[in-house]
Amino acid sequence: QVQLVESGGGLVQAGGSLRLSCVASRNIFSINAMGWYRQAPGKQRELVAIFISGGNTNYRDSVKGRFTISRDDATNTVYLQMNSLKPEDTAVYYCKAIMASRPYWGQGTQVTVSS
């Protein structure tokens, strides 16, 4: 099992930046995939950015060039640097890890972008 704890959300004006952190309770070398999803009110949860096998990354098209996912294996942490934020980025952001084909989710952190 793995526990995930997110932090770093908040309220920011359009064009601003935030950095989200997700700390895993175990060494992330043993995790098959780890990254970020988000869910806006009345919408389905969607992929934002994720590390997959081999250290490769996937981003949703609408955040490419603005968001960057990174990792620090020494602290079992995955980050999401979000720049040039837009009101449509407003959502609860969740960290997700997949280990032995089982998904694990964090509790979520709210990101609100004002226009």
# chains A, B, ... in the order shown; residues from 1 in each chain; ligands from 1
$ select_by_dssp --residues "chain A" --states "helix (DSSP H, G or I)" --output "list in words"
Ile28, Phe29, Ser30, Ser53, Gly54, Gly55, Asp61, Ser62, Val63, Pro87, Glu88 and Asp89 of chain A
$ residues_around --residues "segment 90-102 of chain A" --least-positions-apart "6" --cutoff "6 Å" --atoms "only C-alpha atoms" --output "count of residues only"
16
$ closest_residue --among "A:Phe29, A:Gln1, A:Ile50, A:Arg60" --to "Thr75 of chain A" --atoms "only C-alpha atoms"
A:Phe29
$ atom_distance --atom1 "atom CA of Ile28 of chain A" --atom2 "atom CA of Asp73 of chain A"
6.5 Å
$ closest_atom_pairs --of "segment 8-71 of chain A" --to "segment 80-83 of chain A" --cutoff "9 Å" --atoms "only C-alpha atoms" --output "tab-separated table"
residue	atom	partner	partner_atom	distance
A:Gly15	CA	A:Asn83	CA	7.0
A:Gly16	CA	A:Asn83	CA	6.2
A:Ser17	CA	A:Asn83	CA	4.4
A:Leu18	CA	A:Met82	CA	5.3
A:Arg19	CA	A:Gln81	CA	4.4
A:Leu20	CA	A:Leu80	CA	5.0
A:Ser21	CA	A:Leu80	CA	6.6
A:Cys22	CA	A:Leu80	CA	8.6
A:Gly35	CA	A:Leu80	CA	8.4
A:Trp36	CA	A:Leu80	CA	7.6
A:Ala49	CA	A:Leu80	CA	8.0
A:Val63	CA	A:Met82	CA	8.5
A:Gly65	CA	A:Asn83	CA	8.7
A:Arg66	CA	A:Asn83	CA	5.1
A:Phe67	CA	A:Met82	CA	4.5
A:Thr68	CA	A:Gln81	CA	5.1
A:Ile69	CA	A:Leu80	CA	4.6
A:Ser70	CA	A:Leu80	CA	6.6
A:Arg71	CA	A:Leu80	CA	8.8
$ closest_residue --among "A:Val48, A:Leu4, A:Leu11, A:Leu85" --to "Asn27 of chain A" --atoms "only C-alpha atoms"
A:Leu4
$ atom_distance --atom1 "atom CA of Gly55 of chain A" --atom2 "atom CA of Ala24 of chain A"
16.7 Å
$ closest_residue --among "A:Asp89, A:Tyr59, A:Tyr104, A:Ser115" --to "Val2 of chain A" --atoms "only C-alpha atoms"
A:Tyr104
$ select_by_dssp --residues "chain A" --states "strand (DSSP E)" --output "ChimeraX atom specification"
/A:4-7,10-13,18-24,33-39,46-51,57-59,67-72,77-82,91-99,102-105,109-114
